[in-house]
Each structure stands twice: as C-alpha cells, then as structure tokens.
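Undergrad: Supplied structure: final.txt, compact mmCIF, C-alpha atoms and all ligand atoms.
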```txt
# COMPACT_ATOMS: atom_id res chain seq x y z
CA MET A 23 0.00 0.00 0.00
CA GLU A 24 1.33 3.47 -0.94
CA PHE A 25 1.02 6.45 1.37
CA ASN A 26 1.60 10.09 0.45
CA ASN A 27 1.43 11.57 3.93
CA LEU A 28 2.71 8.76 6.11
CA ILE A 29 5.87 6.71 6.34
CA VAL A 30 5.09 3.15 7.38
CA GLU A 31 8.12 1.06 8.33
CA ILE A 32 7.86 -2.56 9.39
CA THR A 33 10.78 -4.14 11.20
CA LYS A 34 9.27 -7.38 12.34
CA PRO A 35 7.57 -7.47 14.88
CA ILE A 36 7.23 -3.66 15.19
CA ALA A 37 5.64 -1.19 12.76
CA VAL A 38 6.25 2.55 12.98
CA ILE A 39 3.75 4.97 11.43
CA THR A 40 5.22 8.46 11.00
CA VAL A 41 2.90 11.30 9.99
CA ASN A 42 5.00 13.08 7.41
CA ARG A 43 3.82 16.61 6.59
CA PRO A 44 6.67 18.56 8.19
CA LYS A 45 5.91 21.86 6.40
CA VAL A 46 2.66 22.13 8.38
CA LEU A 47 3.98 20.46 11.54
CA ASN A 48 2.26 17.21 10.48
CA ALA A 49 -1.21 18.75 10.52
CA LEU A 50 -3.93 16.33 9.42
CA ASN A 51 -5.68 16.96 6.13
CA LEU A 52 -8.50 14.70 4.98
CA ALA A 53 -6.13 12.51 2.92
CA THR A 54 -3.86 11.94 5.92
CA VAL A 55 -6.74 10.93 8.19
CA ALA A 56 -7.92 8.48 5.51
CA GLU A 57 -4.37 7.12 5.18
CA LEU A 58 -4.12 6.65 8.95
CA GLY A 59 -7.28 4.55 8.94
CA ALA A 60 -5.98 2.51 6.02
CA ALA A 61 -2.53 2.07 7.60
CA PHE A 62 -3.87 0.81 10.92
CA THR A 63 -6.28 -1.52 9.10
CA MET A 64 -3.38 -2.86 7.03
CA LEU A 65 -1.15 -3.38 10.08
CA GLU A 66 -3.93 -5.12 11.97
CA ALA A 67 -3.99 -7.75 9.21
CA ASP A 68 -0.19 -8.04 8.88
CA GLU A 69 1.01 -11.08 10.80
CA ASN A 70 4.57 -9.71 10.87
CA VAL A 71 3.39 -6.89 13.12
CA ARG A 72 2.68 -7.39 16.82
CA ALA A 73 2.98 -3.82 18.11
CA ILE A 74 2.74 -0.37 16.50
CA ILE A 75 4.34 2.99 17.24
CA MET A 76 2.80 6.22 15.97
CA THR A 77 4.94 9.36 15.77
CA GLY A 78 5.45 12.55 13.74
CA SER A 79 8.29 13.55 11.44
CA GLY A 80 10.86 16.09 12.59
CA GLU A 81 11.73 17.22 16.08
CA LYS A 82 9.08 19.82 16.65
CA SER A 83 5.72 18.18 16.20
CA PHE A 84 3.79 14.95 16.57
CA VAL A 85 0.65 16.35 14.90
CA ALA A 86 -0.33 20.04 15.15
CA GLY A 87 -4.03 19.33 14.68
CA ALA A 88 -6.35 19.42 11.71
CA ASP A 89 -5.01 21.26 8.67
CA ILE A 90 -6.53 24.70 9.18
CA ASN A 91 -5.76 25.79 5.61
CA GLU A 92 -7.71 22.86 4.24
CA PHE A 93 -10.82 23.18 6.37
CA ARG A 94 -11.06 26.98 6.42
CA GLY A 95 -14.04 28.10 4.30
CA LYS A 96 -15.64 24.65 4.17
CA SER A 97 -19.25 24.05 5.21
CA ALA A 98 -20.36 21.72 8.01
CA PRO A 99 -21.55 18.99 5.57
CA GLU A 100 -18.21 19.22 3.78
CA MET A 101 -16.45 18.63 7.11
CA PHE A 102 -18.49 15.61 8.17
CA PRO A 103 -16.28 13.20 6.18
CA PHE A 104 -13.27 14.54 8.11
CA ALA A 105 -14.88 13.81 11.47
CA LYS A 106 -16.23 10.46 10.21
CA LEU A 107 -12.84 9.35 8.89
CA GLY A 108 -11.24 10.47 12.14
CA HIS A 109 -13.72 8.50 14.20
CA ASP A 110 -13.32 5.47 11.92
CA ALA A 111 -9.51 5.58 12.20
CA THR A 112 -9.54 5.93 15.98
CA ARG A 113 -12.06 3.11 16.35
CA VAL A 114 -9.83 0.86 14.23
CA MET A 115 -6.96 1.75 16.56
CA GLU A 116 -8.99 0.94 19.65
CA SER A 117 -10.63 -2.22 18.36
CA MET A 118 -7.58 -3.86 16.81
CA GLY A 119 -5.94 -6.55 18.90
CA LYS A 120 -2.43 -5.07 18.73
CA PRO A 121 -1.00 -2.49 21.14
CA ILE A 122 -0.29 1.02 19.80
CA ILE A 123 2.20 3.36 21.46
CA ALA A 124 2.13 7.09 20.67
CA ALA A 125 5.67 8.49 20.67
CA VAL A 126 4.77 12.17 21.03
CA ASN A 127 7.78 14.11 19.80
CA GLY A 128 6.50 17.69 20.02
CA TYR A 129 3.14 19.39 19.51
CA ALA A 130 0.15 17.11 20.00
CA LEU A 131 -2.61 19.64 19.49
CA GLY A 132 -6.22 19.19 18.45
CA GLY A 133 -6.37 16.11 16.22
CA GLY A 134 -2.81 15.28 17.33
CA CYS A 135 -3.88 15.00 20.95
CA GLU A 136 -6.95 13.07 19.79
CA MET A 137 -4.90 10.56 17.79
CA ALA A 138 -2.50 10.13 20.73
CA MET A 139 -5.45 9.47 23.03
CA ALA A 140 -6.70 6.69 20.74
CA CYS A 141 -3.35 4.92 21.21
CA ASP A 142 -3.04 2.45 24.09
CA ILE A 143 0.03 4.05 25.70
CA ARG A 144 1.55 7.53 25.36
CA PHE A 145 5.27 8.22 25.66
CA ALA A 146 6.33 11.85 25.25
CA SER A 147 9.55 13.78 24.77
CA GLU A 148 10.31 16.51 27.30
CA ASN A 149 9.54 19.13 24.64
CA ALA A 150 6.08 17.73 23.82
CA ARG A 151 3.09 20.01 24.24
CA PHE A 152 -0.50 18.84 24.50
CA GLY A 153 -3.73 20.72 24.04
CA GLN A 154 -7.15 21.00 22.45
CA PRO A 155 -6.97 24.57 21.10
CA GLU A 156 -10.03 24.29 18.83
CA ILE A 157 -11.97 26.76 21.02
CA LEU A 158 -9.50 29.47 19.98
CA LEU A 159 -10.64 28.94 16.38
CA GLY A 160 -14.34 29.08 17.26
CA LEU A 161 -14.53 25.30 17.01
CA ILE A 162 -14.65 22.18 19.15
CA PRO A 163 -12.73 18.89 18.71
CA GLY A 164 -14.24 16.55 16.12
CA MET A 165 -12.10 13.43 16.41
CA GLY A 166 -13.06 12.29 19.89
CA GLY A 167 -11.43 14.95 22.07
CA THR A 168 -14.61 15.87 23.91
CA GLN A 169 -15.07 12.21 24.88
CA ARG A 170 -11.64 10.63 25.31
CA LEU A 171 -9.92 13.46 27.22
CA SER A 172 -12.34 13.28 30.15
CA ARG A 173 -12.07 9.49 30.18
CA LEU A 174 -8.30 9.79 30.55
CA VAL A 175 -7.88 12.76 32.89
CA GLY A 176 -11.31 13.34 34.44
CA LEU A 177 -14.06 15.77 33.47
CA GLY A 178 -12.75 18.77 35.43
CA ARG A 179 -9.27 18.68 33.93
CA ALA A 180 -10.64 17.90 30.48
CA ARG A 181 -12.93 20.93 30.61
CA GLU A 182 -10.04 23.09 31.81
CA LEU A 183 -8.07 22.16 28.68
CA LEU A 184 -11.03 22.20 26.27
CA TYR A 185 -12.48 25.51 27.50
CA SER A 186 -9.17 27.39 27.70
CA GLY A 187 -7.40 25.93 24.65
CA GLU A 188 -4.20 26.08 26.74
CA HIS A 189 -1.17 23.97 25.88
CA ILE A 190 0.35 21.89 28.67
CA THR A 191 3.88 20.54 28.98
CA ALA A 192 4.79 16.86 28.82
CA GLN A 193 5.48 16.98 32.57
CA ARG A 194 2.00 18.35 33.30
CA ALA A 195 0.47 15.80 30.91
CA TYR A 196 2.31 13.12 32.88
CA GLU A 197 1.03 14.51 36.18
CA ILE A 198 -2.62 14.38 35.05
CA GLY A 199 -2.35 10.93 33.50
CA LEU A 200 -2.47 11.96 29.85
CA VAL A 201 1.03 10.63 29.30
CA ASN A 202 2.55 7.41 30.64
CA ARG A 203 6.28 8.24 30.50
CA VAL A 204 8.45 11.24 29.57
CA PHE A 205 11.94 11.02 28.02
CA PRO A 206 14.63 13.33 26.65
CA PRO A 207 13.84 13.85 22.94
CA GLU A 208 16.79 11.77 21.71
CA GLN A 209 15.65 8.76 23.76
CA LEU A 210 11.94 8.84 22.88
CA LEU A 211 11.85 6.53 19.86
CA ASP A 212 14.33 4.05 21.36
CA GLU A 213 12.24 3.84 24.52
CA ALA A 214 9.04 3.44 22.49
CA ARG A 215 10.70 0.66 20.47
CA LYS A 216 11.94 -1.05 23.64
CA PHE A 217 8.47 -1.04 25.13
CA ALA A 218 6.84 -2.08 21.84
CA THR A 219 9.31 -5.00 21.65
CA LYS A 220 8.38 -6.02 25.18
CA LEU A 221 4.66 -5.97 24.29
CA ALA A 222 5.33 -7.82 21.02
CA GLY A 223 6.81 -10.65 23.10
CA MET A 224 3.71 -10.98 25.25
CA PRO A 225 1.16 -13.71 24.53
CA SER A 226 -0.79 -11.88 21.82
CA HIS A 227 -4.13 -13.53 22.49
CA ALA A 228 -4.11 -12.53 26.18
CA LEU A 229 -3.00 -9.01 25.21
CA LYS A 230 -5.91 -8.79 22.77
CA MET A 231 -8.29 -9.92 25.50
CA LEU A 232 -6.85 -7.23 27.81
CA LYS A 233 -7.36 -4.56 25.16
CA THR A 234 -10.93 -5.70 24.54
CA ALA A 235 -11.82 -5.90 28.23
CA THR A 236 -10.30 -2.51 29.10
CA ASN A 237 -11.59 -0.63 26.03
CA SER A 238 -15.06 -2.10 25.71
CA GLY A 239 -15.55 -2.43 29.44
CA TYR A 240 -14.72 1.21 30.13
CA ASP A 241 -18.04 2.59 28.90
CA GLN A 242 -20.22 0.01 30.61
CA THR A 243 -21.62 -0.36 34.07
CA LEU A 244 -19.31 -2.23 36.45
CA ASP A 245 -21.62 -5.27 36.34
CA ASN A 246 -21.59 -5.38 32.52
CA GLY A 247 -17.85 -4.75 32.48
CA LEU A 248 -17.36 -7.71 34.83
CA VAL A 249 -19.43 -9.92 32.51
CA LEU A 250 -17.20 -8.85 29.62
CA GLU A 251 -14.10 -9.55 31.73
CA THR A 252 -15.41 -13.05 32.47
CA GLN A 253 -15.95 -13.68 28.73
CA CYS A 254 -12.43 -12.48 27.90
CA PHE A 255 -10.99 -14.44 30.84
CA ALA A 256 -12.76 -17.61 29.61
CA HIS A 257 -11.54 -16.98 26.09
CA CYS A 258 -7.93 -17.36 27.29
CA TRP A 259 -8.63 -21.08 27.69
CA SER A 260 -9.26 -21.34 23.96
CA HIS A 261 -5.64 -20.52 23.17
CA ALA A 262 -2.43 -22.56 23.45
CA ASP A 263 -0.61 -19.65 25.08
CA LEU A 264 -2.24 -20.38 28.44
CA GLU A 265 -0.97 -23.98 28.44
CA GLU A 266 2.47 -22.73 27.38
CA GLY A 267 2.60 -19.90 29.95
CA THR A 268 1.53 -22.05 32.87
CA GLY A 269 3.67 -24.99 31.65
CA ALA A 270 6.75 -22.76 31.45
CA PHE A 271 6.08 -21.56 35.00
CA VAL A 272 5.90 -25.02 36.53
CA GLU A 273 8.84 -26.28 34.45
CA LYS A 274 10.89 -23.19 35.42
CA ARG A 275 11.69 -22.28 31.81
CA LYS A 276 11.05 -19.25 29.61
CA ALA A 277 7.70 -19.40 27.84
CA SER A 278 7.63 -19.56 24.07
CA PHE A 279 4.33 -18.10 22.99
CA HIS A 280 2.43 -18.69 19.78
CA ALA A 281 3.25 -16.41 16.86
CA ASP A 282 -0.34 -15.28 16.15
N1 LIG B 1 -2.87 23.57 10.08
C1 LIG B 1 -2.22 24.08 9.02
N2 LIG B 1 -0.96 24.57 9.08
C2 LIG B 1 -0.36 24.53 10.29
C3 LIG B 1 -0.98 23.99 11.43
C4 LIG B 1 -2.30 23.49 11.30
N3 LIG B 1 -2.97 22.95 12.32
N4 LIG B 1 -0.12 24.09 12.48
C5 LIG B 1 1.00 24.66 11.99
N5 LIG B 1 0.86 24.93 10.68
C6 LIG B 1 1.85 25.53 9.77
C7 LIG B 1 1.95 27.04 10.02
O1 LIG B 1 0.93 27.74 9.32
C8 LIG B 1 3.32 27.32 9.48
O2 LIG B 1 3.27 27.38 8.07
P1 LIG B 1 4.11 28.53 7.28
O3 LIG B 1 5.55 28.18 7.56
O4 LIG B 1 3.72 28.30 5.86
O5 LIG B 1 3.70 29.83 7.86
C9 LIG B 1 4.12 26.07 9.84
O6 LIG B 1 3.15 25.04 10.09
C10 LIG B 1 4.94 26.24 11.11
O7 LIG B 1 4.07 26.69 12.13
P2 LIG B 1 4.34 28.03 13.00
O8 LIG B 1 3.03 28.51 13.52
O9 LIG B 1 5.16 29.00 12.22
O10 LIG B 1 5.24 27.42 14.17
P3 LIG B 1 5.33 27.94 15.66
O11 LIG B 1 6.45 27.19 16.29
O12 LIG B 1 5.36 29.43 15.73
O13 LIG B 1 3.94 27.47 16.34
C11 LIG B 1 2.16 25.92 16.81
C12 LIG B 1 3.62 26.10 16.40
C13 LIG B 1 1.83 24.45 16.71
C14 LIG B 1 1.97 26.40 18.26
C15 LIG B 1 1.25 26.77 15.87
O14 LIG B 1 1.60 26.46 14.53
C16 LIG B 1 -0.21 26.50 16.04
O15 LIG B 1 -0.83 27.00 16.97
N6 LIG B 1 -0.80 25.69 15.14
C17 LIG B 1 -2.23 25.44 15.13
C18 LIG B 1 -2.61 24.44 16.21
C19 LIG B 1 -4.12 24.23 16.23
O16 LIG B 1 -4.88 25.15 16.44
N7 LIG B 1 -4.54 22.98 16.01
C20 LIG B 1 -5.92 22.61 16.03
C21 LIG B 1 -6.53 22.78 14.70
S1 LIG B 1 -8.25 22.33 14.71
```
Write out the structure in this file as structure tokens.

TA:
Amino acid sequence: MEFNNLIVEITKPIAVITVNRPKVLNALNLATVAELGAAFTMLEADENVRAIIMTGSGEKSFVAGADINEFRGKSAPEMFPFAKLGHDATRVMESMGKPIIAAVNGYALGGGCEMAMACDIRFASENARFGQPEILLGLIPGMGGTQRLSRLVGLGRARELLYSGEHITAQRAYEIGLVNRVFPPEQLLDEARKFATKLAGMPSHALKMLKTATNSGYDQTLDNGLVLETQCFAHCWSHADLEEGTGAFVEKRKASFHAD
C-alpha cells in the first residue's frame, strides 16, 4: 500500500507509522486521516506486526491538529467526512488486537492530541506540548477529544483544557495521567521501540483480551464490564498460550508463545 502523507516502516515485529507533513507540523488533512485509517487496518492484518508505534516527522511536532488551511471556508456537511474518517480511524486503533504506542515528539494539538489518546500508551519527549486549542478557532474537537480526554484525565481537567485551549507541557500531561512516560527527545523513539518490543513478546491472544476488556468495558456499568471480563478471561482457555505460559512456569523455563 502506498502512502503520500505517512511513512510506514515494518521491522518485524514492530511497525512505525510516522505522519509526514513537516511543512505544516504534520497537521492532518483529509487525505492523511484516511491514510491513517488505512494504515492501521493494514497493520492489523499483517502477521509480521505485533505492536505499533505512531509518531510525527521532525523534532518539533507529533501532529499540530487538523489542517486549518484545508478546512477553512468549508461548510459543516463538507467537514463531516473529516470527522467520520477520524472516528473510523480511531475506532480501528482501539478495536484492533495489537498495542499502539504514541511516541509524542513535540506538539500534539487538536487532532494530534486526539490521535494520541486513541493509542493504548503515550510516551512523550520533554519538549512535547498537548492541548485542544479548537476553542480558539471558534470550534470544538471533532475526532473524539470531547469524549476521550475526560475518560483519561477526568471531566474537570478535560474541561479546563477544552475551554481554555491552553497547551500543557509533557510533565503536566504526565502529572494528570495523559502521558505514561516522559523522556529526553533523543531517547523517545528508542524507549518506544523497547516497550513495543516487550509488548510484542507478550502472549498476543491474552493481550488482545486485555485490550478488549479494558476498552469495551470502560463505557459500561461495572456489572456489565465484569461480565465482559469473564468472557475475555474464559476466552484465554481457547488458546495454546495459556498452556504454554503455565507450563513454562511449573517447568521453570522461559515461555515460548504462539506467533499469532
Ligand atoms: N494547520 C495548518 N498549518 C499549520 C498547522 C495546522 N494545524 N499548524 C501549523 N501549521 C503551519 C503554520 O501555518 C506554518 O506554516 P508557514 O511556515 O507556511 O507559515 C508552519 O506550520 C509552522 O508553524 P508556525 O506557527 O510557524 O510554528 P510555531 O512554532 O510558531 O507554532 C504551533 C507552532 C503548533 C503552536 C502553531 O503552529 C499552532 O498554533 N498551530 C495550530 C494548532 C491548532 O490550532 N490545532 C488545532 C486545529 S483544529
């Protein structure tokens, strides 16, 4: 598959998706959002890939939001496909069985923050900046920011960011739970790769069950979430990895998990 706005590199078992529009700080135009959905769908199906890193090209920006030049002057109906493609791409990211790490290497604003939030784990460089500045343009987020931010950091903090449009530092993002780990810029990708490699070595079926139970369970009542957990828990018995993992434990050897 050919991409005009992304670089997709696969070094088995890790894939790295780099948003590559450096002249506009990797801002997302419609074509790039469509390519992101297609790239994640492709990587979900690729058996050489067990974990994915998403980052931005250059040292200044992960993704500086939607491409303002492209959407300026458009009508609401003309913008629906943008929001729809954004929602589709982020739902692919959340529903696929493989873990996705955002390596946030600079500005993660608007759609950039929204894409990072759809990843499973967020690592950031010390120079990263997060925010939902849409309000400053007379707009609100359209790729999940009004929903995912409060789920990650709580409603009060989410509203503070959404209402003010303020940027926050990587350190502050770490303190409020938006970011998992912060690194010096030169270490960010190596650390993301190290963690992706660790996750790629995990029993993939159990990891998929964890992703399903935590993502789908999050929006349900506790009782329904516990039912879902029981289903995912039971599903682990359908896979050889459980026999291998428990066998390795009792035999005091390193487990060798299934490739799928
Ligand atoms: N859409 C389109 N172009 C963008 C962009 C965006 N979201 N963000 C940055 N750019 C472009 C700038 O227009 C500029 O282009 P130019 O060199 O042709 O003038 C280039 O990227 C560099 O940006 P610049 O503003 O000069 O860099 P900076 O370091 O002074 O500021 C930001 C960086 C990210 C703080 C600033 O560009 C910004 O606020 N961007 C918009 C963020 C935003 O509102 N996102 C949500 C959109 S819904």

Undergrad: Return the padded bounding box of ligand LIG 1 (chain B) as lines of an AutoDock Vina configuration file: axis-aligned, built from all atoms listed in the file, 5 Å added on each side, with centre and edge lengths in Å to one decimal.

TA:
```
center_x = -0.9
center_y = 26.1
center_z = 12.1
size_x = 24.7
size_y = 17.5
size_z = 22.4
```

Undergrad: Which residues are close to Lys220 in chain A, i.e. within 12 Å by only C-alpha atoms, leaving aside same-chain residues fewer than 3 positions away? Reply as a PyMOL selection string.

TA: chain A and resi 35-36+72-74+121+123+213-217+223-226+229

Undergrad: Nearest to Gln154 in chain A: which of A:Leu221, A:Met139, A:Ala228, A:Met64 is it, counting all atoms listed in the file?

TA: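 Ranking A:Leu221, A:Met139, A:Ala228, A:Met64 by distance to Gln154 in chain A, first place goes to A:Met139.
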
Undergrad: Which is closer to ligand LIG 1 (chain B) than all the others in A:Arg43, A:His280, A:His109, A:His261, using only C-alpha atoms and all ligand atoms?

TA: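 Looking at the shortest contact to ligand LIG 1 (chain B), the residue is A:Arg43.
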
Undergrad: Need to verify the contact set: Ala140 in chain A, 8 Å, all atoms listed in the file, exclusion of same-chain residues closer than 5 positions in sequence. Can you return it as a list in words?

TA: Thr112, Arg113, Met115, Glu116 and Arg170 of chain A

Undergrad: Neighbours of ligand LIG 1 (chain B) at 6 Å or closer, counting all atoms listed in the file: which residues, as JSON, numbers by chain?

TA: {"A": [45, 46, 47, 49, 86, 87, 88, 89, 90, 91, 129, 131, 132, 155, 156]}

Undergrad: Produce a file of the selected residues containing C-alpha atoms, as a PDB file, keeping the file's coordinate frame.

TA:
```pdb
ATOM      1  CA  LYS A  45       5.910  21.860   6.400  1.00  0.00           C
ATOM      2  CA  VAL A  46       2.660  22.130   8.380  1.00  0.00           C
ATOM      3  CA  LEU A  47       3.980  20.460  11.540  1.00  0.00           C
ATOM      4  CA  ALA A  49      -1.210  18.750  10.520  1.00  0.00           C
ATOM      5  CA  ALA A  86      -0.330  20.040  15.150  1.00  0.00           C
ATOM      6  CA  GLY A  87      -4.030  19.330  14.680  1.00  0.00           C
ATOM      7  CA  ALA A  88      -6.350  19.420  11.710  1.00  0.00           C
ATOM      8  CA  ASP A  89      -5.010  21.260   8.670  1.00  0.00           C
ATOM      9  CA  ILE A  90      -6.530  24.700   9.180  1.00  0.00           C
ATOM     10  CA  ASN A  91      -5.760  25.790   5.610  1.00  0.00           C
ATOM     11  CA  TYR A 129       3.140  19.390  19.510  1.00  0.00           C
ATOM     12  CA  LEU A 131      -2.610  19.640  19.490  1.00  0.00           C
ATOM     13  CA  GLY A 132      -6.220  19.190  18.450  1.00  0.00           C
ATOM     14  CA  PRO A 155      -6.970  24.570  21.100  1.00  0.00           C
ATOM     15  CA  GLU A 156     -10.030  24.290  18.830  1.00  0.00           C
TER      16      GLU A 156
END
```

Undergrad: Env of range 175-180 of chain A: 9 Å cut, atoms = all atoms listed in the file, seq-sep filter 6 positions within chain, self excluded. Answer as a PyMOL selection string.

TA: chain A and resi 167-168+198-200

Undergrad: Distance CA of Tyr240 in chain A-CA of Gly166 in chain A, one decimal place?

TA: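 If I compute the distance from CA of Tyr240 in chain A to CA of Gly166 in chain A, I get 15.2 Å.
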
Undergrad: Take CA of Phe145 in chain A and CA of Val55 in chain A and report the distance between them in Å, one decimal.

TA: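 Separating CA of Phe145 in chain A from CA of Val55 in chain A is a distance of 21.4 Å.
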
Undergrad: So, counting only C-alpha atoms, which residue among A:Lys96, A:Leu232, A:Ser117, A:Glu208 is closest to His257 in chain A?

TA: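 Closest residue, counting only C-alpha atoms: A:Leu232.
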
Undergrad: Restricting the calculation to all atoms listed in the file: of A:Asp68, A:Lys106, A:Ile75, A:Glu265, which residue gets closest to Ile39 in chain A?

TA: A:Ile75

Undergrad: Nearest residue to Glu197 in chain A out of A:Leu248, A:Leu174, A:Leu184, A:Val272, using only C-alpha atoms?

TA: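 Of A:Leu248, A:Leu174, A:Leu184, A:Val272, the one nearest Glu197 in chain A is A:Leu174, counting only C-alpha atoms.
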